[in-house]
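Read the structure below first, then the notes.
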Amino acid sequence: MANVVELKVGLHCDECIKKILKAIKKIEDIETYDVDKQLNKVTVTGNVTTEEVIKVLHKIGKQATNWDQQSTY
């Protein structure tokens, strides 16, 4: 069953978004992904956990927090 991971991520410029998309595409077992620049929101659907996606974003220097809880991991 697919999980939906929603994260708040600083999306400052198109270059940031390109880095984020490149990193997300490398995650195994993802089905869909979406980046909403206006909301600073990244949504990933698939056989992934919130922690996995946050870890990938941290590797490229991005801070990510759970969309619902707004707490930093």
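Residues are referred to by chain and number: the chain letter is A, B, ... according to the order shown in the structure tokens, the number counts from 1 in that chain, and ligands are numbered separately from 1 in the order shown.
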- Apply DSSP to the backbone of this structure and, from chain A, keep only the residues in helix (DSSP H, G or I); write these as a count of residues only. 22
- Can you list, as a ChimeraX atom specification, every protein, DNA or RNA residue that comes within 8 Å of Ile60 in chain A when you count only C-alpha atoms, leaving out same-chain residues fewer than 2 positions away? /A:19-20,23,56-58,62
Please build the interface table for range 5-30 of chain A against range 64-67 of chain A with a cut-off of 8 Å, listing for each qualifying residue the nearest atom pair and the distance in Å to one decimal; count only C-alpha atoms, order rows by chain and increasing number, and write it as CSV.
residue,atom,partner,partner_atom,distance
A:Glu6,CA,A:Trp67,CA,5.4
A:Leu7,CA,A:Trp67,CA,4.5
A:Lys8,CA,A:Thr65,CA,5.2
A:Val9,CA,A:Ala64,CA,4.8
A:Gly10,CA,A:Ala64,CA,7.6
Going by DSSP on the backbone, which residues of chain A come out as strand (DSSP E or B)? List them as a compact mmCIF listing (two decimals) with N, CA, C and O atoms, in the first residue's frame.
# COMPACT_ATOMS: atom_id res chain seq x y z
N ASN A 3 2.15 4.97 0.75
CA ASN A 3 2.12 6.01 1.76
C ASN A 3 2.15 7.36 1.06
O ASN A 3 2.73 7.48 -0.02
N VAL A 4 1.57 8.37 1.69
CA VAL A 4 1.66 9.73 1.18
C VAL A 4 2.49 10.52 2.18
O VAL A 4 2.12 10.63 3.35
N VAL A 5 3.63 11.02 1.73
CA VAL A 5 4.52 11.81 2.58
C VAL A 5 4.42 13.26 2.15
O VAL A 5 4.68 13.60 0.99
N GLU A 6 4.03 14.13 3.09
CA GLU A 6 3.91 15.55 2.80
C GLU A 6 4.87 16.30 3.70
O GLU A 6 4.83 16.17 4.93
N LEU A 7 5.75 17.10 3.07
CA LEU A 7 6.79 17.81 3.83
C LEU A 7 6.83 19.28 3.47
O LEU A 7 6.55 19.66 2.34
N LYS A 8 7.19 20.08 4.46
CA LYS A 8 7.43 21.50 4.24
C LYS A 8 8.93 21.65 3.98
O LYS A 8 9.75 21.25 4.80
N VAL A 9 9.27 22.21 2.83
CA VAL A 9 10.67 22.34 2.42
C VAL A 9 10.85 23.74 1.83
O VAL A 9 10.00 24.23 1.11
N ILE A 30 8.89 4.86 -5.40
CA ILE A 30 7.96 5.98 -5.39
C ILE A 30 7.04 5.86 -6.59
O ILE A 30 7.41 5.33 -7.63
N GLU A 31 5.81 6.32 -6.41
CA GLU A 31 4.83 6.26 -7.49
C GLU A 31 4.63 7.63 -8.11
O GLU A 31 4.65 7.78 -9.32
N THR A 32 4.42 8.63 -7.26
CA THR A 32 4.23 9.99 -7.75
C THR A 32 4.94 10.96 -6.82
O THR A 32 5.24 10.64 -5.66
N TYR A 33 5.19 12.15 -7.34
CA TYR A 33 5.75 13.21 -6.50
C TYR A 33 5.27 14.54 -7.05
O TYR A 33 4.93 14.67 -8.22
N ASP A 34 5.22 15.53 -6.16
CA ASP A 34 4.75 16.85 -6.56
C ASP A 34 5.47 17.89 -5.72
O ASP A 34 5.73 17.68 -4.53
N VAL A 35 5.81 19.01 -6.33
CA VAL A 35 6.43 20.12 -5.62
C VAL A 35 5.54 21.33 -5.82
O VAL A 35 5.26 21.72 -6.95
N ASP A 36 5.08 21.91 -4.72
CA ASP A 36 4.24 23.11 -4.77
C ASP A 36 5.07 24.28 -4.27
O ASP A 36 5.29 24.44 -3.07
N LYS A 41 5.77 23.02 -0.39
CA LYS A 41 5.33 21.68 -0.01
C LYS A 41 5.82 20.65 -1.03
O LYS A 41 5.71 20.86 -2.23
N VAL A 42 6.35 19.56 -0.52
CA VAL A 42 6.77 18.43 -1.35
C VAL A 42 5.92 17.23 -0.94
O VAL A 42 5.82 16.91 0.24
N THR A 43 5.29 16.60 -1.92
CA THR A 43 4.45 15.43 -1.67
C THR A 43 5.02 14.24 -2.45
O THR A 43 5.26 14.36 -3.65
N VAL A 44 5.27 13.14 -1.75
CA VAL A 44 5.78 11.92 -2.39
C VAL A 44 4.83 10.78 -2.03
O VAL A 44 4.48 10.61 -0.87
N THR A 45 4.43 10.02 -3.04
CA THR A 45 3.55 8.88 -2.82
C THR A 45 4.28 7.61 -3.25
O THR A 45 4.93 7.59 -4.28
N GLY A 46 4.19 6.58 -2.43
CA GLY A 46 4.80 5.31 -2.77
C GLY A 46 5.13 4.51 -1.52
O GLY A 46 4.67 4.83 -0.42
N ALA A 64 13.73 19.79 6.05
CA ALA A 64 12.37 19.34 5.76
C ALA A 64 11.66 19.02 7.06
O ALA A 64 12.25 18.45 7.97
N THR A 65 10.40 19.43 7.13
CA THR A 65 9.60 19.13 8.31
C THR A 65 8.30 18.49 7.86
O THR A 65 7.82 18.73 6.76
N ASN A 66 7.74 17.68 8.74
CA ASN A 66 6.47 17.02 8.47
C ASN A 66 5.41 18.10 8.27
O ASN A 66 5.28 19.01 9.08
N THR A 72 10.65 19.62 13.22
CA THR A 72 11.86 19.31 12.45
C THR A 72 12.41 17.96 12.87
O THR A 72 12.46 17.64 14.05
- Which residue gives the smallest distance to Gln38 in chain A among A:Leu11, A:Leu21, A:Met1, A:Ile54, with only C-alpha atoms counted?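 Closest to Gln38 in chain A of all the choices is A:Leu11.
Nearest to Lys18 in chain A of all the residues A:Lys37, A:Gln69, A:Val53, A:Asn47 is A:Lys37, counting only C-alpha atoms.
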